[in-house]
Amino acid sequence: MSERITSWHSNPSVPAFTPPPGAVDAHCHIFGPMAEFPFSAKSKYLPEDAGPDMLFALRDRLGFARNVIVQASCHGTDNAATLNGIAKSNGKARGVAVVDPAISAEELAALDAGGMRGVRFNFLKRLVDDAPKDKFLDVAGRLPEGWHVVIYFEADILEEMRDFVAAIPVPVVIDHMGRPDVSQGPDGPDMRAFRSLLDSRDDIWTKVTCPDRLDAAGPPYADFVRSVAPLVADYADRVLWGTDWPHPNQQDILPDDGKLVDVIPQIAPIEELQRKLLVDNPMRLYWPEEAA
Ligand SMILES: O=C(O)/C=C(\CC(=O)C(=O)O)C(=O)O
């Protein structure tokens with residue numbers, strides 16, 4: 001792997017939708033800068049730099065106040081780039097780490113002090129070489145107070161994930177709704193299976209994110225909207241939203257972040273839902289000491 005790729009839009013539109021004050025972009029990443037924070041030798045992609053300054057400029061352009069920075073697989077289990085982003089945010093960012101399952105209590109405490117509030121388990125074979133459930137469960141039982149687990153998997157392995165999810169001793173956040181086929185609609189088999197997973201515990205949250213990954217038709221993402229709006233209405237206290245900037249592996253699409261923000265009022269059509277999705281819910285999970 002030698003050629004570095006750009007997966008984000010160079011000039012995203014300013015959204016028509018204005019997020020409520022204090023809105024949190026609860027799923028985004030930082031790449032590098034590589035000279036300071038080299039990528040993992042095991043990374044499946046080699047991106048151009050997309051550092052904290054770029055992320056905070058986008059945050060301001062889109063009308064958001066805070067970020068939750070999720071360690072991307074290109075940085076492996078070295079969380080330094082993500083911690084650097086959090087440190088530079090003036091308290092306006094927190095993070096989700098990816099860790100070696102053998103991590104010590106001291107190292108976990110250092111991540112907590114650096115602003116991490118969760119750990120991510122990635123099950124996508126195109127992104128990681130292995131996903132050892134037994135070791136993940138061991139770490140999940142040793143997390144600092146107040147942390148949660150973020151899980152990333154695709155719909156084809158949802159059934160295999162049920163026992164694992166049930167065994168996690170802290171709240172669970174599922175990335176991108178476990179990537180359902182949104183062309184099936186809100187009552188299709190993928191959404192039904194995902195709802196039954198959400199119903200299995202009252203502390204499973206999900207990110208209603210990534211229309212660009214889930215709806216090949218592109219903006220205005222009609223299939224995504226019709227499949228996801230009922231989920232936001234029915235699980236209003238357990239949904240989170242994020243841009244997914246800098247959109248790892250989306251170099252063929254280059255999603256326009258402004259257009260992604262404009263999906264929000266379609267999946268959360270009333271102000272109360274928008275406030276829960278963008279402010280109340282992420283604040284409860286990531287800044288509980290400040291939450292209303
Ligand atoms: O950013 C996402 O949520 C999705 C990703 C990238 C990713 O998860 C990672 O690199 O860790 C993907 O589907 O390629």
# chains A, B, ... in the order shown; residues from 1 in each chain; ligands from 1
>>> residues_around(residues="segment 120-125 of chain A", least_positions_apart="4", cutoff="8 Å", atoms="only C-alpha atoms", output="ChimeraX atom specification")
/A:70-71,96-99,129-131,136,149-154
>>> residues_near_ligand(ligand="ligand 1", cutoff="6 Å", atoms="only C-alpha atoms and all ligand atoms", output="list in words")
Ala72, Ser73, Cys74, Asp244, His247, Pro248 and Asn249 of chain A
>>> select_by_dssp(residues="segment 80-267 of chain A", states="helix (DSSP H, G or I)", output="ChimeraX atom specification")
/A:80-87,105-113,133-140,155-167,175-178,182-184,189-199,211-214,222-234,257-261,264-267
>>> residues_around(residues="Val208 of chain A", least_positions_apart="6", cutoff="12 Å", atoms="only C-alpha atoms", output="number ranges by chain")
A: 25-27, 173-180, 182, 214, 224-225, 227-233, 235-236, 238-244, 260-261, 263-264, 266-268, 277-278
>>> closest_residue(among="A:Ala193, A:Ala110, A:Met161, A:Ile253", to="Ala217 of chain A", atoms="only C-alpha atoms")
A:Ile253
>>> select_by_dssp(residues="segment 100-152 of chain A", states="strand (DSSP E or B)", output="VMD selection string")
chain A and resid 116 to 122 148 to 152
>>> write_last_selection(atoms="C-alpha atoms", output="mmCIF file, in the first residue's frame")
data_model
loop_
_atom_site.group_PDB
_atom_site.id
_atom_site.type_symbol
_atom_site.label_atom_id
_atom_site.label_comp_id
_atom_site.auth_asym_id
_atom_site.auth_seq_id
_atom_site.Cartn_x
_atom_site.Cartn_y
_atom_site.Cartn_z
ATOM 1 C CA MET A 116 -11.892 8.369 26.055
ATOM 2 C CA ARG A 117 -15.289 7.105 27.206
ATOM 3 C CA GLY A 118 -15.621 3.857 25.305
ATOM 4 C CA VAL A 119 -13.874 1.085 23.451
ATOM 5 C CA ARG A 120 -14.705 -0.059 19.909
ATOM 6 C CA PHE A 121 -14.868 -3.656 18.726
ATOM 7 C CA ASN A 122 -14.699 -3.824 14.924
ATOM 8 C CA HIS A 148 -19.433 1.784 27.098
ATOM 9 C CA VAL A 149 -18.657 -0.564 24.230
ATOM 10 C CA VAL A 150 -19.089 0.428 20.568
ATOM 11 C CA ILE A 151 -19.580 -2.464 18.146
ATOM 12 C CA TYR A 152 -19.230 -2.301 14.372
#
>>> residues_around(residues="Asp202 of chain A", least_positions_apart="6", cutoff="12 Å", atoms="only C-alpha atoms", output="PyMOL selection string")
chain A and resi 166+170-173+195-196+235+237-238
>>> write_last_selection(atoms="N, CA and C atoms", output="short mmCIF file (atom, residue, chain, number, x, y, z; two decimals), in the first residue's frame")
data_model
loop_
_atom_site.label_atom_id
_atom_site.label_comp_id
_atom_site.auth_asym_id
_atom_site.auth_seq_id
_atom_site.Cartn_x
_atom_site.Cartn_y
_atom_site.Cartn_z
N ALA A 166 -25.24 -9.77 24.35
CA ALA A 166 -25.93 -10.04 25.63
C ALA A 166 -24.94 -10.14 26.79
N VAL A 170 -21.58 -3.60 30.12
CA VAL A 170 -21.76 -2.14 30.14
C VAL A 170 -22.67 -1.78 28.96
N PRO A 171 -23.13 -0.52 28.90
CA PRO A 171 -23.96 -0.13 27.74
C PRO A 171 -23.25 -0.39 26.41
N VAL A 172 -24.06 -0.63 25.38
CA VAL A 172 -23.54 -0.98 24.05
C VAL A 172 -24.05 0.05 23.04
N VAL A 173 -23.15 0.49 22.15
CA VAL A 173 -23.55 1.37 21.04
C VAL A 173 -23.23 0.64 19.74
N ARG A 195 -34.13 -4.32 15.16
CA ARG A 195 -35.03 -3.89 16.24
C ARG A 195 -35.10 -4.96 17.34
N SER A 196 -35.09 -6.21 16.95
CA SER A 196 -35.18 -7.24 17.99
C SER A 196 -33.90 -7.26 18.83
N TYR A 235 -37.06 4.72 19.13
CA TYR A 235 -35.96 4.56 20.09
C TYR A 235 -35.30 5.92 20.35
N ASP A 237 -34.62 7.83 22.72
CA ASP A 237 -33.64 8.08 23.79
C ASP A 237 -32.35 7.28 23.63
N ARG A 238 -32.24 6.53 22.54
CA ARG A 238 -31.08 5.65 22.37
C ARG A 238 -30.39 5.84 21.02
#
>>> residues_around(residues="Leu58 of chain A", least_positions_apart="4", cutoff="10 Å", atoms="only C-alpha atoms", output="list in words")
Asn11, Pro12, Val14, Pro52, Asp53, Met54, Leu62, Gly63, Phe64, Thr243, Trp245, Asp257 and Gly258 of chain A
>>> write_last_selection(atoms="all heavy atoms", output="compact mmCIF listing (two decimals), in the first residue's frame")
# COMPACT_ATOMS: atom_id res chain seq x y z
N ASN A 11 -15.05 20.66 -0.36
CA ASN A 11 -15.79 21.90 -0.12
C ASN A 11 -17.25 21.60 0.22
O ASN A 11 -18.16 21.91 -0.56
CB ASN A 11 -15.68 22.79 -1.37
CG ASN A 11 -16.27 24.15 -1.14
OD1 ASN A 11 -16.33 24.62 0.00
ND2 ASN A 11 -16.73 24.78 -2.21
N PRO A 12 -17.48 20.96 1.38
CA PRO A 12 -18.86 20.56 1.69
C PRO A 12 -19.81 21.74 1.79
O PRO A 12 -19.40 22.83 2.21
CB PRO A 12 -18.74 19.85 3.05
CG PRO A 12 -17.43 20.27 3.60
CD PRO A 12 -16.54 20.62 2.45
N VAL A 14 -22.82 24.24 3.07
CA VAL A 14 -23.37 24.64 4.37
C VAL A 14 -24.80 24.08 4.40
O VAL A 14 -25.57 24.31 3.48
CB VAL A 14 -23.37 26.17 4.52
CG1 VAL A 14 -24.10 26.58 5.80
CG2 VAL A 14 -21.94 26.70 4.53
N PRO A 52 -6.96 17.33 13.51
CA PRO A 52 -7.92 18.05 14.36
C PRO A 52 -8.37 19.40 13.79
O PRO A 52 -9.56 19.72 13.87
CB PRO A 52 -7.13 18.27 15.66
CG PRO A 52 -6.05 17.28 15.66
CD PRO A 52 -5.75 16.94 14.23
N ASP A 53 -7.46 20.17 13.20
CA ASP A 53 -7.87 21.50 12.71
C ASP A 53 -8.94 21.37 11.64
O ASP A 53 -9.91 22.14 11.61
CB ASP A 53 -6.67 22.26 12.13
CG ASP A 53 -5.66 22.61 13.20
OD1 ASP A 53 -6.00 22.45 14.39
OD2 ASP A 53 -4.54 23.02 12.85
N MET A 54 -8.77 20.40 10.76
CA MET A 54 -9.77 20.17 9.70
C MET A 54 -11.10 19.74 10.30
O MET A 54 -12.17 20.18 9.88
CB MET A 54 -9.27 19.11 8.72
CG MET A 54 -8.14 19.58 7.83
SD MET A 54 -7.39 18.21 6.92
CE MET A 54 -8.69 17.78 5.79
N LEU A 62 -20.59 23.20 9.88
CA LEU A 62 -21.87 22.47 9.89
C LEU A 62 -22.79 22.92 11.01
O LEU A 62 -23.95 22.50 11.08
CB LEU A 62 -21.62 20.96 10.01
CG LEU A 62 -20.80 20.31 8.89
CD1 LEU A 62 -20.59 18.83 9.19
CD2 LEU A 62 -21.47 20.49 7.52
N GLY A 63 -22.29 23.73 11.93
CA GLY A 63 -23.13 24.23 13.02
C GLY A 63 -23.18 23.32 14.23
O GLY A 63 -24.13 23.37 15.01
N PHE A 64 -22.13 22.51 14.40
CA PHE A 64 -22.06 21.63 15.57
C PHE A 64 -21.16 22.25 16.65
O PHE A 64 -20.40 23.17 16.37
CB PHE A 64 -21.53 20.25 15.16
CG PHE A 64 -22.61 19.39 14.54
CD1 PHE A 64 -23.08 19.67 13.26
CD2 PHE A 64 -23.19 18.35 15.24
CE1 PHE A 64 -24.10 18.92 12.70
CE2 PHE A 64 -24.21 17.60 14.69
CZ PHE A 64 -24.67 17.88 13.41
N THR A 243 -21.29 12.55 11.52
CA THR A 243 -20.98 12.72 10.09
C THR A 243 -20.25 11.52 9.50
O THR A 243 -20.33 11.26 8.31
CB THR A 243 -20.04 13.92 9.89
OG1 THR A 243 -18.90 13.74 10.76
CG2 THR A 243 -20.74 15.24 10.20
N TRP A 245 -17.18 11.76 9.16
CA TRP A 245 -16.01 12.41 8.52
C TRP A 245 -14.72 11.85 9.14
O TRP A 245 -14.72 11.58 10.34
CB TRP A 245 -16.09 13.93 8.76
CG TRP A 245 -15.05 14.70 8.03
CD1 TRP A 245 -15.14 15.23 6.78
CD2 TRP A 245 -13.74 15.03 8.51
NE1 TRP A 245 -13.98 15.86 6.45
CE2 TRP A 245 -13.09 15.75 7.49
CE3 TRP A 245 -13.03 14.76 9.68
CZ2 TRP A 245 -11.78 16.22 7.61
CZ3 TRP A 245 -11.73 15.23 9.82
CH2 TRP A 245 -11.12 15.95 8.79
N ASP A 257 -20.79 16.63 3.39
CA ASP A 257 -21.23 16.63 4.79
C ASP A 257 -22.46 17.50 5.03
O ASP A 257 -23.29 17.19 5.87
CB ASP A 257 -20.07 17.07 5.69
CG ASP A 257 -18.88 16.16 5.51
OD1 ASP A 257 -18.85 15.09 6.12
OD2 ASP A 257 -17.98 16.50 4.71
N GLY A 258 -22.57 18.60 4.28
CA GLY A 258 -23.74 19.46 4.41
C GLY A 258 -25.02 18.70 4.04
O GLY A 258 -26.06 18.81 4.69
>>> closest_residue(among="A:Pro132, A:Gly115, A:Gly51, A:Gly76", to="Asn90 of chain A", atoms="only C-alpha atoms")
A:Gly115
>>> decode(residues="segment 22-35 of chain A", atoms="N, CA, C and O atoms", output="PDB file, in the first residue's frame")
ATOM      1  N   GLY A  22     -25.419  23.312  20.956  1.00  0.00           N
ATOM      2  CA  GLY A  22     -24.803  22.212  21.694  1.00  0.00           C
ATOM      3  C   GLY A  22     -24.800  20.880  20.976  1.00  0.00           C
ATOM      4  O   GLY A  22     -24.497  19.839  21.575  1.00  0.00           O
ATOM      5  N   ALA A  23     -25.102  20.883  19.680  1.00  0.00           N
ATOM      6  CA  ALA A  23     -25.189  19.614  18.942  1.00  0.00           C
ATOM      7  C   ALA A  23     -23.834  18.896  18.892  1.00  0.00           C
ATOM      8  O   ALA A  23     -22.783  19.522  18.761  1.00  0.00           O
ATOM      9  N   VAL A  24     -23.896  17.564  18.993  1.00  0.00           N
ATOM     10  CA  VAL A  24     -22.695  16.729  19.026  1.00  0.00           C
ATOM     11  C   VAL A  24     -22.620  15.876  17.753  1.00  0.00           C
ATOM     12  O   VAL A  24     -23.569  15.152  17.438  1.00  0.00           O
ATOM     13  N   ASP A  25     -21.511  15.967  17.054  1.00  0.00           N
ATOM     14  CA  ASP A  25     -21.206  15.017  15.977  1.00  0.00           C
ATOM     15  C   ASP A  25     -20.582  13.796  16.666  1.00  0.00           C
ATOM     16  O   ASP A  25     -19.405  13.801  17.016  1.00  0.00           O
ATOM     17  N   ALA A  26     -21.391  12.757  16.870  1.00  0.00           N
ATOM     18  CA  ALA A  26     -20.979  11.653  17.746  1.00  0.00           C
ATOM     19  C   ALA A  26     -20.312  10.490  17.014  1.00  0.00           C
ATOM     20  O   ALA A  26     -20.136   9.406  17.592  1.00  0.00           O
ATOM     21  N   HIS A  27     -19.951  10.708  15.751  1.00  0.00           N
ATOM     22  CA  HIS A  27     -19.147   9.682  15.065  1.00  0.00           C
ATOM     23  C   HIS A  27     -18.306  10.345  13.975  1.00  0.00           C
ATOM     24  O   HIS A  27     -18.799  10.670  12.890  1.00  0.00           O
ATOM     25  N   CYS A  28     -17.044  10.563  14.291  1.00  0.00           N
ATOM     26  CA  CYS A  28     -16.106  11.082  13.299  1.00  0.00           C
ATOM     27  C   CYS A  28     -14.731  10.543  13.673  1.00  0.00           C
ATOM     28  O   CYS A  28     -14.561   9.918  14.724  1.00  0.00           O
ATOM     29  N   HIS A  29     -13.780  10.751  12.780  1.00  0.00           N
ATOM     30  CA  HIS A  29     -12.433  10.203  12.984  1.00  0.00           C
ATOM     31  C   HIS A  29     -11.388  11.260  12.683  1.00  0.00           C
ATOM     32  O   HIS A  29     -11.681  12.293  12.091  1.00  0.00           O
ATOM     33  N   ILE A  30     -10.160  10.925  13.041  1.00  0.00           N
ATOM     34  CA  ILE A  30      -9.006  11.760  12.697  1.00  0.00           C
ATOM     35  C   ILE A  30      -7.961  10.865  12.043  1.00  0.00           C
ATOM     36  O   ILE A  30      -7.727   9.744  12.512  1.00  0.00           O
ATOM     37  N   PHE A  31      -7.376  11.334  10.943  1.00  0.00           N
ATOM     38  CA  PHE A  31      -6.283  10.590  10.289  1.00  0.00           C
ATOM     39  C   PHE A  31      -4.998  11.398  10.468  1.00  0.00           C
ATOM     40  O   PHE A  31      -4.829  12.460   9.878  1.00  0.00           O
ATOM     41  N   GLY A  32      -4.073  10.890  11.278  1.00  0.00           N
ATOM     42  CA  GLY A  32      -2.770  11.517  11.423  1.00  0.00           C
ATOM     43  C   GLY A  32      -2.799  12.817  12.212  1.00  0.00           C
ATOM     44  O   GLY A  32      -3.553  12.914  13.166  1.00  0.00           O
ATOM     45  N   PRO A  33      -2.002  13.842  11.798  1.00  0.00           N
ATOM     46  CA  PRO A  33      -1.147  13.809  10.607  1.00  0.00           C
ATOM     47  C   PRO A  33      -0.051  12.736  10.690  1.00  0.00           C
ATOM     48  O   PRO A  33       0.531  12.506  11.749  1.00  0.00           O
ATOM     49  N   MET A  34       0.187  12.110   9.547  1.00  0.00           N
ATOM     50  CA  MET A  34       1.033  10.918   9.497  1.00  0.00           C
ATOM     51  C   MET A  34       2.453  11.167  10.010  1.00  0.00           C
ATOM     52  O   MET A  34       3.044  10.294  10.645  1.00  0.00           O
ATOM     53  N   ALA A  35       2.999  12.369   9.737  1.00  0.00           N
ATOM     54  CA  ALA A  35       4.373  12.633  10.170  1.00  0.00           C
ATOM     55  C   ALA A  35       4.492  12.552  11.690  1.00  0.00           C
ATOM     56  O   ALA A  35       5.529  12.160  12.231  1.00  0.00           O
TER      57      ALA A  35
END
